[in-house]
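Student: Enclosed is the structure file run.cif (mmCIF, C-alpha atoms and all ligand atoms).
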```cif
data_start
loop_
_atom_site.label_atom_id
_atom_site.label_comp_id
_atom_site.auth_asym_id
_atom_site.auth_seq_id
_atom_site.Cartn_x
_atom_site.Cartn_y
_atom_site.Cartn_z
CA MET Y 37 13.31 -38.19 15.27
CA THR Y 38 17.10 -38.32 15.18
CA GLY Y 39 19.12 -35.79 13.22
CA ILE Y 40 19.94 -38.29 10.48
CA GLU Y 41 16.25 -39.37 10.19
CA TYR Y 42 15.25 -35.72 9.78
CA TYR Y 43 17.99 -35.22 7.17
CA ARG Y 44 16.84 -38.23 5.11
CA LYS Y 45 13.25 -36.94 5.06
CA ILE Y 46 14.17 -33.61 3.43
CA ASP Y 47 13.09 -33.21 -0.19
CA PHE Y 48 15.81 -30.79 -1.33
CA LYS Y 49 13.94 -29.96 -4.53
CA LYS Y 50 10.89 -28.78 -2.59
CA GLU Y 51 12.45 -27.03 0.41
CA LYS Y 52 13.31 -23.55 -0.82
CA VAL Y 53 15.56 -22.80 2.13
CA PHE Y 54 18.10 -25.35 0.86
CA MET Y 55 18.09 -23.73 -2.59
CA ILE Y 56 19.53 -20.42 -1.33
CA THR Y 57 22.95 -19.84 -2.89
CA GLY Y 58 25.53 -17.10 -3.16
CA ASN Y 59 23.57 -15.76 -6.13
CA THR Y 60 20.15 -15.52 -4.45
CA GLY Y 61 18.75 -12.00 -4.80
CA LEU Y 62 17.53 -10.20 -1.68
CA TYR Y 63 14.32 -8.14 -1.68
CA GLY Y 64 12.27 -6.90 1.26
CA VAL Y 65 9.88 -4.48 2.89
CA ILE Y 66 10.77 -1.75 5.41
CA GLY Y 67 8.55 0.10 7.89
CA SER Y 68 7.43 0.13 11.51
CA PRO Y 69 5.53 -1.82 12.74
CA ILE Y 70 6.38 -4.44 10.12
CA ARG Y 71 5.96 -7.92 11.64
CA HIS Y 72 2.29 -8.10 10.53
CA SER Y 73 3.23 -7.48 6.89
CA LYS Y 74 1.79 -9.86 4.30
CA SER Y 75 4.30 -8.75 1.64
CA PRO Y 76 6.85 -11.56 2.33
CA ALA Y 77 4.09 -14.15 1.79
CA ILE Y 78 3.10 -12.55 -1.55
CA TYR Y 79 6.56 -12.00 -3.05
CA ASN Y 80 8.16 -15.27 -1.86
CA PHE Y 81 5.19 -17.16 -3.32
CA CYS Y 82 5.57 -15.33 -6.66
CA PHE Y 83 9.36 -15.72 -6.79
CA ASP Y 84 8.89 -19.44 -6.18
CA TYR Y 85 6.02 -19.77 -8.68
CA HIS Y 86 8.06 -18.09 -11.41
CA GLY Y 87 11.25 -20.02 -10.52
CA LEU Y 88 13.17 -16.84 -9.61
CA ASP Y 89 16.22 -17.19 -7.33
CA ASN Y 90 15.18 -14.46 -4.88
CA VAL Y 91 14.04 -14.17 -1.26
CA TYR Y 92 11.97 -11.42 0.37
CA LEU Y 93 12.21 -10.43 4.06
CA ALA Y 94 10.65 -7.84 6.40
CA PHE Y 95 12.89 -5.26 8.11
CA GLU Y 96 11.80 -3.15 11.09
CA VAL Y 97 12.94 0.35 10.01
CA THR Y 98 11.75 3.67 11.46
CA GLU Y 99 11.97 7.14 9.90
CA GLY Y 100 15.07 7.72 12.04
CA SER Y 101 16.85 4.59 10.81
CA CYS Y 102 15.78 4.85 7.14
CA GLU Y 103 18.92 6.66 5.96
CA GLU Y 104 21.12 4.03 7.59
CA PHE Y 105 19.02 1.31 5.92
CA PHE Y 106 19.48 2.90 2.48
CA ARG Y 107 23.27 3.01 2.98
CA SER Y 108 23.35 -0.61 4.16
CA ALA Y 109 21.05 -1.74 1.33
CA LYS Y 110 23.49 -0.31 -1.22
CA THR Y 111 26.45 -1.96 0.49
CA LEU Y 112 24.63 -5.32 0.63
CA GLY Y 113 23.34 -5.03 -2.95
CA ILE Y 114 19.67 -5.44 -1.97
CA LYS Y 115 17.90 -5.63 -5.33
CA GLY Y 116 14.68 -3.90 -4.34
CA PHE Y 117 12.39 -3.16 -1.43
CA ASN Y 118 8.91 -1.98 -0.64
CA VAL Y 119 8.36 0.83 1.84
CA THR Y 120 5.44 1.14 4.21
CA MET Y 121 4.50 3.57 6.97
CA PRO Y 122 6.11 5.67 8.38
CA CYS Y 123 8.99 5.68 5.87
CA LYS Y 124 7.50 6.48 2.44
CA GLU Y 125 8.20 10.20 2.49
CA ILE Y 126 11.75 9.96 3.82
CA ALA Y 127 12.37 7.10 1.35
CA ALA Y 128 11.43 9.40 -1.58
CA LYS Y 129 14.00 11.92 -0.34
CA LEU Y 130 16.68 9.21 -0.09
CA CYS Y 131 16.19 7.83 -3.64
CA ASP Y 132 18.59 8.78 -6.44
CA LYS Y 133 15.72 9.04 -8.94
CA LEU Y 134 11.90 9.07 -8.77
CA SER Y 135 9.12 8.08 -11.15
CA PRO Y 136 6.60 10.88 -11.96
CA ALA Y 137 3.99 9.32 -9.59
CA ALA Y 138 6.48 9.16 -6.71
CA GLU Y 139 7.76 12.66 -7.44
CA PHE Y 140 4.22 14.10 -7.44
CA ALA Y 141 3.38 12.23 -4.23
CA ARG Y 142 6.77 13.01 -2.65
CA ALA Y 143 6.48 9.45 -1.35
CA ALA Y 144 7.88 6.14 -2.60
CA ASN Y 145 6.66 2.62 -1.80
CA THR Y 146 8.72 0.58 -4.28
CA ILE Y 147 12.48 1.04 -4.65
CA VAL Y 148 14.49 -0.82 -7.25
CA ASN Y 149 18.28 -1.00 -7.32
CA LEU Y 150 19.43 -0.13 -10.85
CA ASP Y 151 23.21 -0.66 -11.01
CA GLY Y 152 23.70 0.83 -7.55
CA GLU Y 153 21.17 3.68 -7.93
CA PHE Y 154 17.87 3.56 -6.06
CA PHE Y 155 14.89 4.37 -8.30
CA GLY Y 156 11.69 5.11 -6.33
CA HIS Y 157 8.17 4.39 -7.61
CA ASN Y 158 4.73 4.78 -6.06
CA THR Y 159 2.24 2.00 -6.80
CA ASP Y 160 -0.25 2.64 -3.95
CA GLY Y 161 -2.70 4.76 -5.96
CA LYS Y 162 -2.98 2.18 -8.72
CA GLY Y 163 -3.51 -0.47 -6.05
CA VAL Y 164 -6.75 1.18 -4.90
CA VAL Y 165 -8.02 2.29 -8.32
CA ASN Y 166 -7.45 -1.18 -9.82
CA ASP Y 167 -9.01 -2.91 -6.80
CA LEU Y 168 -12.09 -0.65 -7.04
CA LYS Y 169 -12.30 -1.56 -10.77
CA ASP Y 170 -12.09 -5.23 -9.82
CA HIS Y 171 -15.21 -4.58 -7.68
CA GLY Y 172 -17.03 -2.83 -10.55
CA VAL Y 173 -16.38 0.75 -9.34
CA ASP Y 174 -14.68 3.27 -11.66
CA VAL Y 175 -13.38 6.49 -10.07
CA LYS Y 176 -14.02 8.45 -13.28
CA ASP Y 177 -16.56 11.29 -12.73
CA LYS Y 178 -17.10 10.26 -9.09
CA LYS Y 179 -17.19 12.43 -5.96
CA ILE Y 180 -14.65 10.95 -3.52
CA LEU Y 181 -14.10 11.66 0.18
CA LEU Y 182 -10.62 10.69 1.34
CA PHE Y 183 -9.47 10.45 4.97
CA GLY Y 184 -5.71 10.85 5.48
CA ALA Y 185 -2.78 12.87 4.18
CA GLY Y 186 0.10 10.41 4.60
CA GLY Y 187 1.91 8.52 1.86
CA ALA Y 188 -1.02 6.25 0.95
CA ALA Y 189 -3.55 9.12 0.87
CA ARG Y 190 -1.39 11.24 -1.41
CA ALA Y 191 -0.88 8.42 -3.87
CA ILE Y 192 -4.62 7.66 -3.89
CA MET Y 193 -5.56 11.32 -4.38
CA ILE Y 194 -3.12 11.67 -7.27
CA GLN Y 195 -4.21 8.46 -9.02
CA CYS Y 196 -7.95 9.19 -8.59
CA ALA Y 197 -7.40 12.69 -10.03
CA LEU Y 198 -5.31 11.31 -12.90
CA ASP Y 199 -8.09 8.78 -13.60
CA GLY Y 200 -10.75 11.50 -13.89
CA ALA Y 201 -12.47 11.77 -10.48
CA ARG Y 202 -14.93 14.70 -10.54
CA THR Y 203 -14.32 15.87 -6.94
CA ILE Y 204 -11.93 14.81 -4.19
CA ASN Y 205 -12.42 16.12 -0.63
CA VAL Y 206 -9.55 15.31 1.73
CA PHE Y 207 -9.94 15.26 5.54
CA ASN Y 208 -6.94 14.92 7.87
CA ARG Y 209 -6.09 15.57 11.52
CA ASN Y 210 -2.73 17.26 10.86
CA GLU Y 211 -3.33 20.48 8.88
CA GLU Y 212 0.31 20.85 7.84
CA LYS Y 213 0.17 17.51 6.00
CA LEU Y 214 -3.17 18.56 4.51
CA SER Y 215 -1.58 21.69 3.04
CA VAL Y 216 1.02 19.51 1.30
CA LEU Y 217 -1.81 17.67 -0.49
CA LYS Y 218 -3.35 21.03 -1.37
CA GLU Y 219 -0.05 22.10 -2.96
CA ILE Y 220 0.05 18.85 -4.96
CA SER Y 221 -3.53 19.46 -6.17
CA GLN Y 222 -2.53 22.96 -7.29
CA GLU Y 223 0.43 21.51 -9.21
CA MET Y 224 -1.95 19.02 -10.86
CA LYS Y 225 -4.41 21.76 -11.77
CA ALA Y 226 -1.59 23.89 -13.19
CA LYS Y 227 -0.77 20.89 -15.42
CA GLY Y 228 -4.35 20.71 -16.72
CA ASN Y 229 -6.10 18.33 -14.30
CA THR Y 230 -9.82 19.16 -14.01
CA THR Y 231 -10.69 17.48 -10.68
CA GLU Y 232 -12.26 19.78 -8.05
CA PHE Y 233 -10.43 19.50 -4.71
CA GLY Y 234 -11.40 20.42 -1.13
CA PHE Y 235 -9.22 20.18 2.01
CA PHE Y 236 -10.56 20.10 5.57
CA PRO Y 237 -9.34 19.31 9.08
CA THR Y 238 -11.04 16.13 10.35
CA GLY Y 239 -12.37 18.16 13.30
CA ASP Y 240 -14.57 20.22 10.93
CA VAL Y 241 -17.67 18.11 11.56
CA ASN Y 242 -20.00 20.41 9.57
CA ALA Y 243 -17.84 20.16 6.45
CA LEU Y 244 -17.62 16.40 6.96
CA ALA Y 245 -21.42 16.02 7.24
CA ASP Y 246 -21.93 18.24 4.14
CA GLU Y 247 -19.37 16.57 1.91
CA ILE Y 248 -19.88 12.94 2.89
CA SER Y 249 -23.63 12.77 2.24
CA ASP Y 250 -23.38 12.91 -1.58
CA SER Y 251 -19.94 11.32 -1.99
CA ASP Y 252 -19.93 8.24 -4.22
CA ILE Y 253 -16.80 6.72 -2.70
CA VAL Y 254 -15.46 7.16 0.86
CA ILE Y 255 -11.87 6.01 1.43
CA ASN Y 256 -9.97 5.58 4.70
CA ALA Y 257 -6.26 6.09 3.97
CA THR Y 258 -5.28 6.66 7.62
CA SER Y 259 -3.85 3.95 9.85
CA LEU Y 260 -6.90 4.17 12.15
CA GLY Y 261 -8.34 0.70 12.73
CA MET Y 262 -5.05 -1.07 12.07
CA GLU Y 263 -3.60 -3.59 14.53
CA PRO Y 264 -2.58 -3.09 17.33
CA LYS Y 265 -5.44 -0.55 17.71
CA PRO Y 266 -8.38 -2.20 15.90
CA ASP Y 267 -10.97 -0.26 17.95
CA THR Y 268 -10.13 3.08 16.31
CA ALA Y 269 -11.97 4.35 13.20
CA VAL Y 270 -12.39 7.50 11.08
CA ILE Y 271 -16.19 7.14 11.36
CA THR Y 272 -18.14 5.20 13.96
CA ASP Y 273 -21.62 6.62 13.21
CA PRO Y 274 -23.37 4.67 10.39
CA CYS Y 275 -25.86 7.56 9.96
CA LEU Y 276 -23.10 9.54 8.19
CA LEU Y 277 -23.04 6.95 5.39
CA ASN Y 278 -25.70 5.62 3.00
CA ALA Y 279 -26.38 2.50 0.95
CA ASP Y 280 -25.51 4.15 -2.40
CA GLN Y 281 -21.89 4.58 -1.36
CA THR Y 282 -18.79 2.48 -1.84
CA VAL Y 283 -16.52 2.45 1.21
CA TYR Y 284 -12.87 1.48 0.86
CA ASP Y 285 -10.48 0.92 3.78
CA VAL Y 286 -6.75 0.69 2.96
CA VAL Y 287 -6.13 -1.10 6.27
CA TYR Y 288 -5.87 -4.86 5.66
CA ASN Y 289 -5.00 -6.06 9.16
CA PRO Y 290 -7.57 -6.81 10.55
CA PRO Y 291 -9.39 -7.79 7.31
CA VAL Y 292 -12.64 -6.23 8.61
CA THR Y 293 -11.97 -2.93 10.39
CA ARG Y 294 -14.26 -1.01 12.71
CA PHE Y 295 -14.85 1.51 9.89
CA MET Y 296 -15.88 -1.33 7.56
CA GLU Y 297 -18.28 -2.66 10.20
CA THR Y 298 -19.82 0.84 10.44
CA ALA Y 299 -20.16 0.99 6.64
CA ASN Y 300 -21.69 -2.52 6.57
CA THR Y 301 -24.31 -1.34 9.09
CA ALA Y 302 -25.11 1.60 6.76
CA GLY Y 303 -25.59 -0.84 3.84
CA CYS Y 304 -22.63 0.45 1.80
CA LYS Y 305 -20.63 -1.60 -0.69
CA VAL Y 306 -17.55 -2.29 1.48
CA ILE Y 307 -14.03 -3.18 0.30
CA GLY Y 308 -11.02 -3.86 2.56
CA GLY Y 309 -7.35 -3.17 1.78
CA GLY Y 310 -6.36 -6.77 0.98
CA GLY Y 311 -6.93 -6.19 -2.75
CA MET Y 312 -4.96 -2.92 -2.71
CA LEU Y 313 -2.04 -4.83 -1.23
CA ILE Y 314 -2.17 -7.34 -4.06
CA TYR Y 315 -2.72 -4.80 -6.88
CA GLN Y 316 0.06 -2.47 -5.68
CA ALA Y 317 2.27 -5.57 -5.28
CA MET Y 318 1.40 -6.53 -8.86
CA GLU Y 319 2.76 -3.17 -10.08
CA ALA Y 320 5.86 -3.53 -7.87
CA PHE Y 321 6.50 -7.15 -8.97
CA LYS Y 322 6.42 -5.98 -12.58
CA ILE Y 323 8.97 -3.24 -11.74
CA TYR Y 324 11.26 -5.77 -9.98
CA THR Y 325 11.00 -8.65 -12.46
CA GLY Y 326 9.21 -7.49 -15.63
CA ILE Y 327 6.65 -10.28 -15.01
CA ASP Y 328 2.85 -9.85 -14.66
CA MET Y 329 1.74 -11.26 -11.30
CA ASP Y 330 -1.19 -13.70 -11.49
CA VAL Y 331 -3.61 -11.76 -9.25
CA LYS Y 332 -6.18 -14.58 -8.97
CA LEU Y 333 -3.51 -17.07 -7.94
CA VAL Y 334 -2.00 -14.69 -5.37
CA LYS Y 335 -5.47 -13.96 -3.92
CA ALA Y 336 -6.12 -17.71 -3.62
CA HIS Y 337 -2.73 -18.16 -1.91
CA MET Y 338 -3.41 -15.33 0.55
CA GLU Y 339 -6.86 -16.74 1.39
CA ARG Y 340 -5.36 -20.20 1.90
CA ILE Y 341 -2.60 -19.07 4.26
CA SER Y 342 -4.95 -16.82 6.28
CA GLN Y 343 -7.28 -19.75 7.12
P1 LIG Y 401 1.55 7.55 7.00
O1 LIG Y 401 2.23 8.21 5.88
O2 LIG Y 401 2.29 7.42 8.29
O3 LIG Y 401 0.16 8.32 7.27
C1 LIG Y 401 -0.66 7.95 8.35
C2 LIG Y 401 -2.02 8.62 8.21
O4 LIG Y 401 -2.84 8.14 9.28
C3 LIG Y 401 -1.97 10.13 8.36
O5 LIG Y 401 -2.99 10.72 7.60
C4 LIG Y 401 -2.24 10.32 9.87
O6 LIG Y 401 -2.82 11.56 10.21
C5 LIG Y 401 -3.28 9.24 10.07
N1 LIG Y 401 -3.37 8.87 11.48
C6 LIG Y 401 -2.52 8.06 12.18
N2 LIG Y 401 -2.92 7.97 13.45
C7 LIG Y 401 -4.04 8.75 13.58
C8 LIG Y 401 -4.92 9.06 14.65
N3 LIG Y 401 -4.73 8.55 15.87
N4 LIG Y 401 -5.98 9.88 14.40
C9 LIG Y 401 -6.18 10.38 13.16
N5 LIG Y 401 -5.38 10.13 12.10
C10 LIG Y 401 -4.32 9.33 12.31
O7 LIG Y 401 1.09 6.07 6.61
P2 LIG Y 401 0.64 5.51 5.17
O8 LIG Y 401 1.79 4.85 4.52
O9 LIG Y 401 -0.11 6.57 4.46
O10 LIG Y 401 -0.33 4.31 5.61
C11 LIG Y 401 -1.62 4.57 6.13
C12 LIG Y 401 -2.37 3.25 6.29
O11 LIG Y 401 -2.53 2.66 5.01
C13 LIG Y 401 -1.64 2.19 7.14
O12 LIG Y 401 -2.60 1.53 7.93
C14 LIG Y 401 -1.07 1.24 6.12
O13 LIG Y 401 -0.92 -0.08 6.62
C15 LIG Y 401 -2.14 1.29 5.07
N6 LIG Y 401 -1.67 0.91 3.74
C16 LIG Y 401 -2.24 -0.19 3.18
C17 LIG Y 401 -1.83 -0.57 1.92
C18 LIG Y 401 -2.45 -1.78 1.30
O14 LIG Y 401 -1.85 -2.33 0.38
N7 LIG Y 401 -3.63 -2.17 1.70
C19 LIG Y 401 -0.85 0.13 1.24
C20 LIG Y 401 -0.32 1.27 1.84
C21 LIG Y 401 -0.73 1.65 3.11
P3 LIG Y 401 -1.89 12.80 10.67
O15 LIG Y 401 -1.32 13.36 9.42
O16 LIG Y 401 -2.87 13.69 11.32
O17 LIG Y 401 -0.85 12.24 11.60
#
```
Let me see whether you can do it: turn the structure in this file into structure tokens.
Tutor:
Amino acid sequence: MTGIEYYRKIDFKKEKVFMITGNTGLYGVIGSPIRHSKSPAIYNFCFDYHGLDNVYLAFEVTEGSCEEFFRSAKTLGIKGFNVTMPCKEIAAKLCDKLSPAAEFARAANTIVNLDGEFFGHNTDGKGVVNDLKDHGVDVKDKKILLFGAGGAARAIMIQCALDGARTINVFNRNEEKLSVLKEISQEMKAKGNTTEFGFFPTGDVNALADEISDSDIVINATSLGMEPKPDTAVITDPCLLNADQTVYDVVYNPPVTRFMETANTAGCKVIGGGGMLIYQAMEAFKIYTGIDMDVKLVKAHMERISQ
């Protein structure tokens, strides 16, 4: 095809790239690794669907380069951005203001530019709680076992406690990070929260065996199992789990993790992190645009593009 033939074939009304103007708003996601992120597919689809003149890109940003990114984002007038691992905690420190959820979690995953000030939110916890609800599981009065003490785990612990979980036992490799979650739980208790909390190093196999057996919901909020290391998992022995339990894995790439395979073998109800991604994006999209994302439509879009 010659250049002119190609040019004549273009439908300018349908090709979004030709609609970008000097007014197009820039949004994005930062983190490392980031190239696997499904966020650009979700937000660009929604911007297009709602006729909003915005684009959404992925930026490879590490903890070390986060401060520089924040400075550049202000200079460039980036309207908002999502934050994924390993930058959520540093991002909360770099924001001008924080929502109560982000302040409690000391981690931010959604930053909106309000007249040159960065306002940080945390929508991760709601992502899991709302996805569990979508699968008929309410965290209220449940005993929950949570693996992880990073940004996602904190947000999930806080939201589950706020939504009335009976007990939350947190297991993590790094004990320093675990003690931060313990401090947060004490702050929550001091403010009247009634959830019972327990905190254990992942290496405490006796505590793990004791606490997991009668847990209603077991959640992996570590990055174990995520590409490029899909062979890793928080649990590889199906005998630790039972068929009465719901198992949730925040990892969404791959869609079925090694931990989920283990839980499937044990007969658990198993949910992957794809829904969390969409439900936390729904909260973030509302913060950016004031519009309710059509979850069913976005799920259909994500299924279609992953085929
Ligand atoms: P983060 O703040 O960096 O925390 C990482 C967590 O993973 C920590 O608890 C860390 O334990 C643990 N971990 C990492 N490597 C480990 C290993 N080799 N052995 C044991 N534990 C290990 O990251 P994050 O933002 O919380 O994200 C965690 C995961 O959630 C990522 O896979 C991310 O993609 C996923 N996520 C998914 C969604 C979604 O929408 N589905 C949303 C948010 C996050 P230590 O403290 O011991 O290092």
Student: Please, which residues have at least one atom within 6 Å of an atom of ligand LIG 401 (chain Y), using only C-alpha atoms and all ligand atoms, listed as a list in words?
Tutor: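 My answer, listing the contacting residues, is Thr120, Met121, Pro122, Asp160, Gly184, Ala185, Gly186, Gly187, Ala188, Ala189, Asn208, Arg209, Asn210, Lys213, Ala257, Thr258, Ser259, Leu260, Met262, Val286, Val287, Tyr288, Gly309, Gly310, Met312 and Leu313 of chain Y.
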Student: Can those selected residues be exported to a file as a PDB file, keeping the file's coordinate frame so that it contains C-alpha atoms?
Tutor:
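Once everything was written out, this is out_34.pdb:
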```pdb
ATOM      1  CA  THR Y 120       5.440   1.140   4.210  1.00  0.00           C
ATOM      2  CA  MET Y 121       4.500   3.570   6.970  1.00  0.00           C
ATOM      3  CA  PRO Y 122       6.110   5.670   8.380  1.00  0.00           C
ATOM      4  CA  ASP Y 160      -0.250   2.640  -3.950  1.00  0.00           C
ATOM      5  CA  GLY Y 184      -5.710  10.850   5.480  1.00  0.00           C
ATOM      6  CA  ALA Y 185      -2.780  12.870   4.180  1.00  0.00           C
ATOM      7  CA  GLY Y 186       0.100  10.410   4.600  1.00  0.00           C
ATOM      8  CA  GLY Y 187       1.910   8.520   1.860  1.00  0.00           C
ATOM      9  CA  ALA Y 188      -1.020   6.250   0.950  1.00  0.00           C
ATOM     10  CA  ALA Y 189      -3.550   9.120   0.870  1.00  0.00           C
ATOM     11  CA  ASN Y 208      -6.940  14.920   7.870  1.00  0.00           C
ATOM     12  CA  ARG Y 209      -6.090  15.570  11.520  1.00  0.00           C
ATOM     13  CA  ASN Y 210      -2.730  17.260  10.860  1.00  0.00           C
ATOM     14  CA  LYS Y 213       0.170  17.510   6.000  1.00  0.00           C
ATOM     15  CA  ALA Y 257      -6.260   6.090   3.970  1.00  0.00           C
ATOM     16  CA  THR Y 258      -5.280   6.660   7.620  1.00  0.00           C
ATOM     17  CA  SER Y 259      -3.850   3.950   9.850  1.00  0.00           C
ATOM     18  CA  LEU Y 260      -6.900   4.170  12.150  1.00  0.00           C
ATOM     19  CA  MET Y 262      -5.050  -1.070  12.070  1.00  0.00           C
ATOM     20  CA  VAL Y 286      -6.750   0.690   2.960  1.00  0.00           C
ATOM     21  CA  VAL Y 287      -6.130  -1.100   6.270  1.00  0.00           C
ATOM     22  CA  TYR Y 288      -5.870  -4.860   5.660  1.00  0.00           C
ATOM     23  CA  GLY Y 309      -7.350  -3.170   1.780  1.00  0.00           C
ATOM     24  CA  GLY Y 310      -6.360  -6.770   0.980  1.00  0.00           C
ATOM     25  CA  MET Y 312      -4.960  -2.920  -2.710  1.00  0.00           C
ATOM     26  CA  LEU Y 313      -2.040  -4.830  -1.230  1.00  0.00           C
TER      27      LEU Y 313
END
```
Student: If you count all atoms listed in the file, which residues fall within 9 Å of Ala197 (chain Y), apart from same-chain ones fewer than 5 positions away, as a list in words?
Tutor: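 The residues that qualify are Val175, Lys176, Ile192, Arg202, Thr203, Ile204, Ser221, Met224, Asn229, Thr230, Thr231 and Glu232 of chain Y.
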Student: Which distance in Å separates CA of Val206 (chain Y) and CA of Phe233 (chain Y), to one decimal?
Tutor: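 Result for CA of Val206 (chain Y) versus CA of Phe233 (chain Y): 7.7 Å, one decimal.
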Student: For Asp252 (chain Y), which residue among Y:Glu211, Y:Asp240, Y:Glu297, Y:Asp177 is the nearest when counting all atoms listed in the file?
Tutor: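 The closest residue to Asp252 (chain Y) is Y:Asp177.
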Student: What's the 6 Å shell around Thr146 (chain Y), counting all atoms listed in the file, without same-chain residues fewer than 6 positions away, as a PDB file with C-alpha atoms, keeping the file's coordinate frame?
Tutor:
```pdb
ATOM      1  CA  PHE Y 117      12.390  -3.160  -1.430  1.00  0.00           C
ATOM      2  CA  ASN Y 118       8.910  -1.980  -0.640  1.00  0.00           C
ATOM      3  CA  GLY Y 156      11.690   5.110  -6.330  1.00  0.00           C
ATOM      4  CA  HIS Y 157       8.170   4.390  -7.610  1.00  0.00           C
TER       5      HIS Y 157
END
```
Student: Check the smallest atom-to-atom distance from each of Y:Ser73, Y:Asn90, Y:Ser108, Y:Gln343 to Gly61 (chain Y) using all atoms listed in the file, then report the winner.
Tutor: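 Of all the options, Y:Asn90 lies closest to Gly61 (chain Y).
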